[in-house]
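So this one's final-v2.cif, mmCIF, C-alpha atoms:
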data_upload
#
loop_
_atom_site.label_atom_id
_atom_site.label_comp_id
_atom_site.auth_asym_id
_atom_site.auth_seq_id
_atom_site.Cartn_x
_atom_site.Cartn_y
_atom_site.Cartn_z
CA MET A 1 71.20 2.34 -32.84
CA HIS A 2 73.97 -0.27 -33.03
CA LEU A 3 76.47 -1.14 -30.35
CA ASN A 4 79.68 -2.92 -31.36
CA LEU A 5 81.24 -4.76 -28.42
CA GLY A 6 83.92 -6.97 -29.91
CA ASN A 7 82.10 -10.01 -31.18
CA LEU A 8 78.78 -8.68 -29.88
CA SER A 9 76.70 -6.40 -32.06
CA ILE A 10 73.53 -5.20 -30.35
CA THR A 11 70.70 -3.41 -32.08
CA ILE A 12 67.93 -1.92 -29.98
CA LYS A 13 64.54 -2.80 -31.52
CA SER A 14 61.30 -0.93 -30.76
CA GLY A 15 58.27 -2.79 -29.49
CA THR A 16 56.36 -3.55 -26.35
CA LEU A 17 58.78 -5.96 -24.68
CA ILE A 18 61.36 -3.43 -23.49
CA PRO A 19 58.85 -0.87 -22.14
CA MET A 20 57.12 -3.71 -20.25
CA LEU A 21 60.42 -4.83 -18.74
CA ILE A 22 61.15 -1.28 -17.68
CA MET A 23 57.72 -0.76 -16.15
CA LEU A 24 57.53 -4.12 -14.37
CA PRO A 25 59.69 -3.25 -11.31
CA ASN A 26 57.73 -0.06 -10.72
CA ALA A 27 54.44 -1.94 -11.08
CA VAL A 28 55.56 -4.41 -8.44
CA TRP A 29 56.62 -1.53 -6.18
CA MET A 30 53.16 0.03 -6.52
CA MET A 31 51.43 -3.28 -5.80
CA PHE A 32 53.45 -3.80 -2.63
CA PRO A 33 53.94 -0.35 -1.08
CA LYS A 34 56.12 0.22 1.95
CA THR A 35 54.50 -0.36 5.30
CA GLU A 36 54.15 2.49 7.72
CA ALA A 37 56.87 0.96 9.87
CA ARG A 38 59.29 0.87 6.98
CA GLN A 39 58.55 4.41 6.02
CA GLN A 40 59.70 5.53 9.43
CA VAL A 41 63.18 4.14 8.75
CA SER A 42 65.34 6.79 7.09
CA GLU A 43 66.97 5.72 3.84
CA PRO A 44 70.39 6.70 2.59
CA LEU A 45 70.24 9.74 0.35
CA LEU A 46 71.82 7.85 -2.59
CA LEU A 47 69.16 5.13 -2.44
CA THR A 48 66.40 7.74 -2.45
CA ILE A 49 67.94 9.42 -5.52
CA LEU A 50 68.27 6.12 -7.35
CA GLU A 51 64.65 5.20 -6.62
CA ASN A 52 63.39 8.53 -7.96
CA VAL A 53 65.57 8.30 -11.08
CA GLY A 54 64.23 4.80 -11.70
CA ARG A 55 60.63 5.97 -11.41
CA PHE A 56 61.30 8.89 -13.73
CA ALA A 57 62.93 6.54 -16.29
CA THR A 58 59.93 4.23 -16.04
CA LEU A 59 57.67 7.07 -17.12
CA ILE A 60 59.91 8.50 -19.84
CA LEU A 61 61.66 5.59 -21.58
CA PRO A 62 58.55 3.90 -23.05
CA PHE A 63 57.89 7.08 -25.03
CA PHE A 64 61.35 6.87 -26.59
CA PHE A 65 60.71 3.33 -27.75
CA ALA A 66 57.51 4.45 -29.44
CA LEU A 67 59.44 6.99 -31.50
CA ASP A 68 61.62 6.42 -34.54
CA LEU A 69 65.00 7.78 -33.48
CA HIS A 70 67.53 6.95 -36.17
CA LYS A 71 64.98 4.51 -37.51
CA LYS A 72 64.41 2.75 -34.17
CA LEU A 73 66.19 2.24 -30.92
CA SER A 74 65.98 -1.60 -31.08
CA LEU A 75 67.20 -4.68 -29.27
CA PRO A 76 67.29 -8.17 -30.87
CA VAL A 77 70.73 -9.32 -29.94
CA VAL A 78 72.73 -10.12 -33.04
CA ILE A 79 75.98 -11.73 -31.99
CA GLY A 80 78.10 -10.78 -34.91
CA MET A 81 76.16 -13.07 -37.29
CA GLY A 82 77.52 -16.07 -35.48
CA PRO A 83 79.18 -16.16 -32.08
CA GLU A 84 82.53 -17.13 -33.59
CA LEU A 85 83.14 -13.83 -35.40
CA ALA A 86 85.74 -11.65 -33.74
CA ILE A 87 84.28 -8.42 -35.16
CA ALA A 88 80.62 -7.65 -35.80
CA PRO A 89 80.07 -6.74 -39.48
CA LEU A 90 76.83 -4.81 -38.93
CA PRO A 91 78.31 -1.41 -38.06
CA ALA A 92 80.37 -1.37 -41.26
CA LEU A 93 77.40 -2.46 -43.36
CA LEU A 94 75.12 0.22 -41.93
CA ALA A 95 77.80 2.91 -42.19
CA TRP A 96 77.99 2.47 -45.98
CA GLU A 97 75.65 4.92 -47.68
CA ASP A 98 73.47 2.70 -49.83
CA PRO A 99 69.71 2.58 -49.16
CA ALA A 100 69.30 -0.74 -50.97
CA LEU A 101 72.05 -2.35 -48.89
CA HIS A 102 70.51 -0.97 -45.70
CA TYR A 103 67.12 -2.34 -46.72
CA PHE A 104 68.39 -5.92 -47.03
CA VAL A 105 70.56 -5.68 -43.91
CA ARG A 106 67.54 -4.65 -41.87
CA ARG A 107 65.24 -7.19 -43.50
CA ASP A 108 67.53 -10.24 -43.66
CA LEU A 109 69.98 -9.76 -40.79
CA LEU A 110 68.10 -7.68 -38.22
CA GLU A 111 64.74 -9.17 -39.24
CA GLU A 112 63.06 -5.80 -38.97
CA ALA A 113 59.77 -4.93 -40.60
CA VAL A 114 60.64 -2.98 -43.75
CA ALA A 115 58.72 -1.18 -46.46
CA PRO A 116 57.59 -3.19 -49.52
CA VAL A 117 60.49 -4.06 -51.81
CA GLU A 118 58.87 -1.96 -54.52
CA THR A 119 60.25 1.11 -52.77
CA LEU A 120 63.70 0.10 -54.06
CA TRP A 121 62.41 0.15 -57.63
CA GLU A 122 62.11 3.92 -57.37
CA THR A 123 65.72 4.58 -56.33
CA LYS A 124 67.84 6.55 -58.78
CA ALA A 125 70.16 3.65 -59.55
CA ALA A 126 67.30 1.28 -60.33
CA VAL A 127 65.47 3.82 -62.49
CA ARG A 128 68.67 4.56 -64.40
CA LEU A 129 68.98 0.87 -65.31
CA THR A 130 65.35 0.53 -66.37
CA GLN A 131 65.65 3.58 -68.59
CA ALA A 132 68.60 2.01 -70.41
CA GLN A 133 66.60 -1.02 -71.48
CA GLN A 134 66.15 -1.37 -75.24
CA LEU A 135 62.83 -1.88 -76.99
CA ASP A 136 63.40 -5.62 -77.39
CA GLY A 137 63.91 -6.01 -73.63
CA SER A 138 67.70 -6.33 -73.73
CA TRP A 139 70.48 -4.02 -72.58
CA ARG A 140 73.15 -2.99 -75.06
CA TYR A 141 76.68 -4.21 -74.45
CA PRO A 142 79.15 -1.30 -74.62
CA GLY A 143 80.81 -1.13 -78.03
CA LYS A 144 79.01 -3.92 -79.88
CA SER A 145 75.92 -6.06 -79.66
CA TYR A 146 76.62 -9.08 -81.87
CA ASP A 147 79.66 -10.74 -83.41
CA ALA A 148 78.61 -12.39 -86.66
CA GLN A 149 81.93 -14.23 -86.97
CA THR A 150 81.46 -16.16 -83.73
CA GLY A 151 77.73 -15.87 -83.15
CA THR A 152 78.34 -14.16 -79.80
CA ASN A 153 75.29 -12.26 -78.56
CA TYR A 154 76.86 -9.56 -76.41
CA ASN A 155 73.49 -8.02 -75.60
CA LEU A 156 72.45 -11.29 -73.97
CA LEU A 157 75.54 -11.08 -71.78
CA GLU A 158 74.81 -7.46 -70.86
CA THR A 159 71.19 -8.36 -70.12
CA TYR A 160 72.34 -11.07 -67.73
CA ARG A 161 74.71 -8.63 -66.05
CA THR A 162 71.91 -6.08 -65.56
CA LEU A 163 69.31 -8.61 -64.40
CA ARG A 164 71.69 -9.65 -61.63
CA ILE A 165 71.64 -6.12 -60.28
CA LEU A 166 67.90 -5.55 -60.66
CA VAL A 167 66.90 -8.84 -59.00
CA GLU A 168 69.57 -9.15 -56.32
CA MET A 169 70.14 -5.52 -55.33
CA PHE A 170 66.74 -3.92 -56.00
CA GLY A 171 64.40 -6.87 -55.53
CA PHE A 172 62.81 -6.72 -58.98
CA ASN A 173 60.24 -9.42 -59.69
CA ARG A 174 57.78 -10.36 -62.39
CA ALA A 175 55.44 -7.56 -61.38
CA HIS A 176 57.80 -4.99 -62.91
CA PRO A 177 57.35 -4.36 -66.67
CA THR A 178 61.11 -3.99 -67.16
CA LEU A 179 61.72 -7.46 -65.80
CA GLN A 180 58.89 -8.91 -67.86
CA LYS A 181 60.39 -7.53 -71.06
CA ALA A 182 63.86 -8.76 -70.13
CA VAL A 183 62.61 -12.28 -69.42
CA GLU A 184 60.86 -12.45 -72.77
CA TYR A 185 64.01 -11.29 -74.50
CA VAL A 186 66.16 -13.93 -72.82
CA PHE A 187 63.65 -16.67 -73.57
CA SER A 188 63.79 -15.65 -77.23
CA CYS A 189 67.31 -17.10 -76.98
CA GLN A 190 66.07 -20.45 -75.67
CA THR A 191 66.40 -23.31 -78.15
CA ASP A 192 64.02 -26.18 -78.79
CA GLU A 193 66.34 -28.35 -76.71
CA GLY A 194 65.60 -26.13 -73.73
CA ASP A 195 68.93 -24.34 -73.25
CA ILE A 196 69.53 -20.60 -73.40
CA ARG A 197 72.25 -20.00 -75.96
CA GLY A 198 74.30 -17.18 -77.46
CA ILE A 199 76.90 -15.88 -75.00
CA ILE A 200 79.53 -18.32 -76.32
CA GLY A 201 78.28 -18.55 -79.87
CA ASN A 202 76.16 -21.58 -80.69
CA GLN A 203 77.85 -23.75 -78.06
CA TYR A 204 76.22 -25.08 -74.91
CA MET A 205 76.66 -22.87 -71.85
CA PRO A 206 75.18 -24.69 -68.84
CA TYR A 207 76.94 -22.30 -66.46
CA TYR A 208 75.31 -19.11 -67.77
CA HIS A 209 72.10 -21.02 -68.39
CA GLY A 210 71.84 -22.02 -64.71
CA ALA A 211 72.78 -18.58 -63.43
CA ILE A 212 70.11 -16.94 -65.61
CA LEU A 213 67.43 -19.39 -64.49
CA GLU A 214 68.35 -18.66 -60.88
CA LEU A 215 67.42 -15.01 -61.40
CA PHE A 216 64.16 -15.88 -63.12
CA ILE A 217 63.17 -18.24 -60.32
CA LYS A 218 63.96 -15.65 -57.66
CA ALA A 219 61.88 -13.14 -59.62
CA GLY A 220 58.80 -15.39 -59.48
CA TYR A 221 59.06 -17.42 -62.69
CA ASP A 222 59.58 -20.77 -60.93
CA ASN A 223 56.39 -22.24 -62.42
CA ASP A 224 56.98 -20.92 -65.93
CA PRO A 225 57.09 -23.90 -68.36
CA ARG A 226 60.15 -22.39 -70.05
CA VAL A 227 61.99 -22.46 -66.74
CA GLU A 228 60.91 -26.05 -66.18
CA LYS A 229 62.17 -26.93 -69.65
CA GLY A 230 65.47 -25.23 -68.90
CA LEU A 231 65.89 -27.12 -65.62
CA ALA A 232 65.13 -30.42 -67.33
CA TRP A 233 67.81 -29.65 -69.92
CA LEU A 234 70.34 -28.95 -67.16
CA LEU A 235 69.59 -32.24 -65.41
CA ALA A 236 70.07 -34.07 -68.70
CA MET A 237 73.49 -32.45 -69.23
CA ARG A 238 75.24 -33.68 -66.08
CA GLN A 239 78.55 -35.50 -66.03
CA ASP A 240 78.89 -39.02 -64.65
CA ASP A 241 80.29 -37.57 -61.41
CA GLY A 242 77.17 -35.46 -60.89
CA GLY A 243 78.42 -32.02 -61.91
CA TRP A 244 78.61 -30.07 -65.15
CA ILE A 245 81.21 -28.94 -67.65
CA VAL A 246 81.19 -26.42 -70.44
CA PRO A 247 81.83 -28.78 -73.38
CA ALA A 248 83.86 -26.13 -75.22
CA GLN A 249 86.40 -26.33 -72.37
CA LEU A 250 87.55 -29.66 -73.82
CA VAL A 251 88.52 -28.07 -77.13
CA PRO A 252 92.15 -26.90 -77.49
CA ALA A 253 92.50 -23.14 -77.87
CA LYS A 254 93.86 -23.42 -81.42
CA GLN A 255 90.71 -25.23 -82.51
CA LYS A 256 88.34 -22.62 -81.13
CA THR A 257 87.92 -20.89 -84.47
CA ALA A 258 85.01 -18.80 -85.67
CA ALA A 259 83.71 -21.88 -87.44
CA PHE A 260 83.74 -23.82 -84.16
CA TRP A 261 81.68 -21.23 -82.31
CA LEU A 262 79.11 -21.17 -85.14
CA SER A 263 78.96 -24.95 -85.55
CA ALA A 264 76.51 -27.37 -83.95
CA PRO A 265 77.02 -27.50 -80.18
CA LEU A 266 79.59 -29.95 -78.91
CA PRO A 267 77.99 -32.53 -76.59
CA PRO A 268 79.62 -33.13 -73.21
CA ASP A 269 81.99 -36.04 -72.71
CA ARG A 270 80.29 -37.35 -69.59
CA THR A 271 83.27 -39.44 -68.52
CA LYS A 272 85.32 -36.30 -67.85
CA PRO A 273 85.39 -34.78 -64.33
CA HIS A 274 83.08 -31.86 -63.75
CA ALA A 275 84.28 -28.26 -63.76
CA HIS A 276 83.43 -26.64 -60.43
CA LEU A 277 83.15 -23.32 -62.29
CA ALA A 278 80.22 -24.75 -64.27
CA THR A 279 78.80 -26.87 -61.46
CA GLY A 280 78.62 -23.98 -59.02
CA MET A 281 76.80 -21.72 -61.49
CA ALA A 282 74.41 -24.38 -62.81
CA LEU A 283 73.50 -25.58 -59.34
CA ARG A 284 72.31 -22.13 -58.26
CA ALA A 285 69.15 -22.54 -60.33
CA PHE A 286 68.13 -25.67 -58.40
CA ALA A 287 69.02 -24.13 -55.05
CA ALA A 288 66.65 -21.24 -55.82
CA HIS A 289 63.73 -23.57 -56.68
CA PRO A 290 61.99 -25.13 -53.66
CA ALA A 291 60.68 -28.07 -55.71
CA TYR A 292 64.15 -29.15 -56.81
CA ARG A 293 66.31 -28.66 -53.72
CA GLN A 294 66.03 -32.22 -52.41
CA ARG A 295 66.21 -34.06 -55.70
CA GLN A 296 68.81 -36.80 -55.70
CA GLU A 297 70.61 -35.41 -58.74
CA VAL A 298 70.84 -31.97 -57.15
CA ILE A 299 72.27 -33.27 -53.88
CA ALA A 300 74.79 -35.34 -55.85
CA ALA A 301 75.91 -32.20 -57.70
CA ALA A 302 76.19 -30.34 -54.39
CA ASN A 303 78.42 -33.07 -53.00
CA ALA A 304 80.60 -32.86 -56.11
CA LEU A 305 80.91 -29.09 -55.71
CA LYS A 306 81.86 -29.02 -52.04
CA SER A 307 84.44 -31.77 -52.52
CA ARG A 308 86.46 -29.26 -54.58
CA PHE A 309 86.74 -26.45 -52.03
CA PHE A 310 90.13 -24.71 -52.24
CA GLN A 311 91.29 -26.97 -55.09
CA SER A 312 92.24 -26.16 -58.69
CA ASP A 313 89.57 -26.65 -61.31
CA LYS A 314 90.08 -29.40 -63.86
CA TYR A 315 90.01 -27.02 -66.82
CA ASN A 316 91.74 -23.77 -67.73
CA ASP A 317 88.97 -21.25 -67.06
CA ARG A 318 89.44 -19.69 -63.60
CA LYS A 319 91.56 -22.70 -62.75
CA THR A 320 93.78 -21.81 -59.79
CA PRO A 321 92.59 -22.22 -56.17
CA ALA A 322 92.80 -18.43 -55.72
CA TYR A 323 89.52 -18.06 -57.62
CA TRP A 324 87.66 -19.67 -54.72
CA LEU A 325 88.46 -16.47 -52.80
CA LYS A 326 87.44 -13.85 -55.37
CA PHE A 327 84.01 -12.59 -54.34
CA GLN A 328 81.39 -10.62 -56.27
CA PHE A 329 77.87 -9.48 -55.54
CA PRO A 330 75.58 -9.96 -57.28
CA PHE A 331 77.05 -13.43 -57.81
CA TRP A 332 78.64 -14.31 -61.13
CA TRP A 333 81.43 -16.87 -61.10
CA THR A 334 81.69 -19.77 -58.67
CA SER A 335 83.49 -18.91 -55.44
CA LEU A 336 83.56 -20.15 -51.86
CA LEU A 337 80.81 -17.65 -51.06
CA THR A 338 78.50 -18.60 -53.94
CA ALA A 339 79.03 -22.29 -53.14
CA LEU A 340 78.20 -21.86 -49.44
CA ASP A 341 75.14 -19.80 -50.33
CA THR A 342 73.95 -22.56 -52.65
CA LEU A 343 74.68 -25.32 -50.14
CA SER A 344 72.84 -23.50 -47.36
CA ARG A 345 69.76 -23.23 -49.58
CA LEU A 346 70.01 -26.96 -50.23
CA GLY A 347 69.98 -27.72 -46.51
CA PHE A 348 73.68 -28.26 -45.85
CA ASP A 349 74.99 -26.80 -42.58
CA ARG A 350 78.03 -26.76 -40.31
CA GLN A 351 77.54 -30.43 -39.50
CA ASP A 352 78.97 -31.12 -42.95
CA ALA A 353 82.78 -31.13 -42.80
CA ASP A 354 83.26 -29.35 -46.14
CA VAL A 355 80.76 -26.65 -45.25
CA ALA A 356 82.43 -26.21 -41.85
CA ARG A 357 85.80 -25.68 -43.59
CA GLY A 358 84.27 -23.02 -45.79
CA LEU A 359 82.58 -21.20 -42.92
CA ASP A 360 85.74 -21.37 -40.85
CA TRP A 361 87.63 -19.57 -43.59
CA PHE A 362 85.30 -16.58 -43.34
CA ILE A 363 85.45 -16.63 -39.55
CA ALA A 364 89.25 -16.59 -39.65
CA ASN A 365 89.67 -13.97 -42.37
CA GLN A 366 87.76 -10.84 -41.33
CA SER A 367 89.23 -7.43 -42.00
CA PRO A 368 89.54 -4.92 -39.12
CA ASP A 369 86.12 -3.44 -39.95
CA GLY A 370 84.43 -6.84 -39.76
CA LEU A 371 84.03 -7.33 -43.52
CA TRP A 372 86.06 -9.39 -46.01
CA GLU A 373 88.43 -8.59 -48.84
CA THR A 374 87.07 -9.54 -52.24
CA GLY A 375 90.14 -9.64 -54.48
CA TYR A 376 88.64 -7.01 -56.81
CA GLY A 377 90.53 -3.76 -56.25
CA SER A 378 90.04 -0.81 -53.92
CA GLY A 379 88.11 1.91 -55.77
CA LYS A 380 84.60 3.12 -54.93
CA ASN A 381 82.91 0.38 -56.96
CA ALA A 382 85.16 -2.22 -55.37
CA GLN A 383 84.24 -0.91 -51.92
CA ALA A 384 80.54 -1.05 -52.77
CA ASN A 385 81.03 -4.63 -53.91
CA ARG A 386 82.87 -5.37 -50.67
CA HIS A 387 79.91 -4.24 -48.57
CA TRP A 388 77.40 -6.25 -50.59
CA VAL A 389 79.71 -9.25 -50.31
CA GLY A 390 79.69 -8.63 -46.55
CA LEU A 391 75.89 -8.87 -46.57
CA ALA A 392 76.05 -12.12 -48.54
CA VAL A 393 78.58 -13.60 -46.09
CA CYS A 394 76.40 -12.64 -43.13
CA ARG A 395 73.40 -14.31 -44.74
CA VAL A 396 75.39 -17.52 -45.03
CA LEU A 397 76.77 -17.34 -41.50
CA LYS A 398 73.37 -16.52 -40.06
#
Take the structure in the file and give it back as structure tokens.
Amino acid sequence: MHLNLGNLSITIKSGTLIPMLIMLPNAVWMMFPKTEARQQVSEPLLLTILENVGRFATLILPFFFALDLHKKLSLPVVIGMGPELAIAPLPALLAWEDPALHYFVRRDLLEEAVAPVETLWETKAAVRLTQAQQLDGSWRYPGKSYDAQTGTNYNLLETYRTLRILVEMFGFNRAHPTLQKAVEYVFSCQTDEGDIRGIIGNQYMPYYHGAILELFIKAGYDNDPRVEKGLAWLLAMRQDDGGWIVPAQLVPAKQKTAAFWLSAPLPPDRTKPHAHLATGMALRAFAAHPAYRQRQEVIAAANALKSRFFQSDKYNDRKTPAYWLKFQFPFWWTSLLTALDTLSRLGFDRQDADVARGLDWFIANQSPDGLWETGYGSGKNAQANRHWVGLAVCRVLK
């Protein structure tokens, strides 16, 4: 049961604490009974009624807390996900009919004991995705799978899109055969240099590379030597200012011919400023890996990323400041939300001025239901995305 009192969202949690608190006054009363002299003094009728009601409640209420009524009458106090929020997001999140969303809300926000994550693998939506996997471990991109003129591997892109959902929304890990096959397929696209290649022809793609490795690390492949090789490649590809670019971004549009996409990859010009689009996506891999979070190069990249909050990117892709405020879940492109999620994993908190500015934006921009607008439409899928984005924001604020 959830109570929404302005900025206070209370959930009543089962356990022994509340029954003990209820029983304590009555236990004290029994230990120190009224003296004979006191019993001779007549009590007001109202006081007598209240005493009897209290004793009755003492006997009955503990049984309610031992039952599962609407999955628990519980009580850790969750103050909105941060005392600054004007409206508690939890009621809106729990009102949305999505068992996977409810699972992560209860596990990550309410900190309740939940069933093993494998139970999500059996949901209809997860099974439907696993059944669509091809024999080589990939998922087929609608309409076409490969463009021979540009070397674009559309199935690799579709596989990334699907892995985001399986890992982030259904908790898939390396124990699931579907994920195992998908990982092997993606690593078949890893070059001897260490980078995963194919979504933008034969050109380097550190942004997709980092985002893919993030999923693998979250799925339990953090110690896989191919992941280690991929992380080493990313570290070797940084700009002088600590971030990353997509080298193809430096090429004028007229020169991005089929021959260009098929040619040897263009190396980065390290003197150029980083692209926060690329930096935010690449950095997510390091934020997911406990062994890399405090590396000097990673912290330098994080500082470069947060210095760009609410600013235009240096290159044409998703350039305007408005893209900081377009939110997706599972994460894809860099946004204020993905950046704050990454920074929180790296140990940054509200004491950092840039992080505080980012958090303050979410505090100041709630919708009437306590969630946030995403900038991606208003249909059913957009509303589902909005609720998952709400979960992601609450994780960051928590």
At a cut-off of 12 Å, can you tabulate as a tab-separated table every residue of region 168-229 of chain A near region 134-156 of chain A together with its closest atom pair and the distance in Å to one decimal, using only C-alpha atoms and ordering rows by chain then number?
residue	atom	partner	partner_atom	distance
A:Pro177	CA	A:Gly137	CA	9.7
A:Thr178	CA	A:Gly137	CA	7.3
A:Leu179	CA	A:Gly137	CA	8.3
A:Gln180	CA	A:Gly137	CA	8.2
A:Lys181	CA	A:Gly137	CA	4.6
A:Ala182	CA	A:Gly137	CA	4.5
A:Val183	CA	A:Gly137	CA	7.7
A:Glu184	CA	A:Gly137	CA	7.2
A:Tyr185	CA	A:Gly137	CA	5.4
A:Val186	CA	A:Leu156	CA	6.9
A:Phe187	CA	A:Leu156	CA	10.3
A:Ser188	CA	A:Asp136	CA	10.0
A:Cys189	CA	A:Leu156	CA	8.3
A:Gln190	CA	A:Leu156	CA	11.3
A:Ile196	CA	A:Leu156	CA	9.8
A:Arg197	CA	A:Asn153	CA	8.7
A:Gly198	CA	A:Asn153	CA	5.1
A:Ile199	CA	A:Thr152	CA	5.3
A:Ile200	CA	A:Thr152	CA	5.6
A:Gly201	CA	A:Gly151	CA	4.3
A:Asn202	CA	A:Gly151	CA	6.4
A:Gln203	CA	A:Gly151	CA	9.4
A:Met205	CA	A:Thr152	CA	11.9
A:Tyr208	CA	A:Leu156	CA	10.4
A:His209	CA	A:Leu156	CA	11.2
A:Ile212	CA	A:Leu156	CA	10.4
Grab the residues selected above and save them as a PDB file, keeping the file's coordinate frame with C-alpha atoms.
ATOM      1  CA  PRO A 177      57.350  -4.360 -66.670  1.00  0.00           C
ATOM      2  CA  THR A 178      61.110  -3.990 -67.160  1.00  0.00           C
ATOM      3  CA  LEU A 179      61.720  -7.460 -65.800  1.00  0.00           C
ATOM      4  CA  GLN A 180      58.890  -8.910 -67.860  1.00  0.00           C
ATOM      5  CA  LYS A 181      60.390  -7.530 -71.060  1.00  0.00           C
ATOM      6  CA  ALA A 182      63.860  -8.760 -70.130  1.00  0.00           C
ATOM      7  CA  VAL A 183      62.610 -12.280 -69.420  1.00  0.00           C
ATOM      8  CA  GLU A 184      60.860 -12.450 -72.770  1.00  0.00           C
ATOM      9  CA  TYR A 185      64.010 -11.290 -74.500  1.00  0.00           C
ATOM     10  CA  VAL A 186      66.160 -13.930 -72.820  1.00  0.00           C
ATOM     11  CA  PHE A 187      63.650 -16.670 -73.570  1.00  0.00           C
ATOM     12  CA  SER A 188      63.790 -15.650 -77.230  1.00  0.00           C
ATOM     13  CA  CYS A 189      67.310 -17.100 -76.980  1.00  0.00           C
ATOM     14  CA  GLN A 190      66.070 -20.450 -75.670  1.00  0.00           C
ATOM     15  CA  ILE A 196      69.530 -20.600 -73.400  1.00  0.00           C
ATOM     16  CA  ARG A 197      72.250 -20.000 -75.960  1.00  0.00           C
ATOM     17  CA  GLY A 198      74.300 -17.180 -77.460  1.00  0.00           C
ATOM     18  CA  ILE A 199      76.900 -15.880 -75.000  1.00  0.00           C
ATOM     19  CA  ILE A 200      79.530 -18.320 -76.320  1.00  0.00           C
ATOM     20  CA  GLY A 201      78.280 -18.550 -79.870  1.00  0.00           C
ATOM     21  CA  ASN A 202      76.160 -21.580 -80.690  1.00  0.00           C
ATOM     22  CA  GLN A 203      77.850 -23.750 -78.060  1.00  0.00           C
ATOM     23  CA  MET A 205      76.660 -22.870 -71.850  1.00  0.00           C
ATOM     24  CA  TYR A 208      75.310 -19.110 -67.770  1.00  0.00           C
ATOM     25  CA  HIS A 209      72.100 -21.020 -68.390  1.00  0.00           C
ATOM     26  CA  ILE A 212      70.110 -16.940 -65.610  1.00  0.00           C
TER      27      ILE A 212
END
Expected selection from the PyMOL selection byres ((chain A and resi 353-365) around 12), given as JSON, numbers by chain: {"A": [7, 80, 81, 82, 83, 84, 85, 86, 87, 88, 89, 302, 303, 304, 305, 306, 307, 308, 309, 310, 324, 325, 327, 335, 336, 337, 338, 339, 340, 341, 342, 343, 344, 346, 347, 348, 349, 350, 351, 352, 366, 367, 368, 369, 370, 371, 372, 373, 374, 389, 390, 392, 393, 394, 395, 396, 397, 398]}
Given the PyMOL selection byres ((chain A and resi 216) around 12), the residues it picks as a ChimeraX atom specification: /A:160,163-164,166-168,171-174,179-180,182-184,186-187,209-215,217-228,230-231,284-286,288-289
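Of the residues listed (A:Glu118, A:Glu97, A:Glu112, A:Asp269), A:Glu118 shows the shortest atom-to-atom separation from Ala175 (chain A); distances use only C-alpha atoms.
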Of the listed residues A:Ile299, A:Leu391, A:Ala322, A:Ala248, that which approaches Ala92 (chain A) most closely, counting all atoms listed in the file: A:Leu391
Near-Val114 (chain A) list (9 Å; all atoms listed in the file; drop same-chain fewer than 5 positions) as a VMD selection string: chain A and resid 103 to 104 106 to 107
Point-to-point distance from CA of Val298 (chain A) to CA of Lys229 (chain A), Å rounded to tenths: 16.0 Å
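Taking CA of Ala278 (chain A) and CA of Tyr207 (chain A) as endpoints, the distance between them is 4.6 Å.
Minimum distance to Gln328 (chain A) across A:Tyr292, A:Tyr204, A:Tyr315, A:Tyr376 (counting all atoms listed in the file) occurs at A:Tyr376.
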Is it possible to get the axis-aligned box enclosing region 168-183 of chain A (all listed atoms, 6 Å extra per side) as AutoDock Vina command-line options, with centre and edge lengths in Å rounded to one decimal?
--center_x 62.8 --center_y -8.1 --center_z -63.2 --size_x 26.7 --size_y 20.4 --size_z 27.7
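Distances to Tyr323 (chain A) were evaluated for A:Gly242, A:Pro247, A:Pro268, A:Gly375 using all atoms listed in the file, and the minimum falls at A:Gly375.
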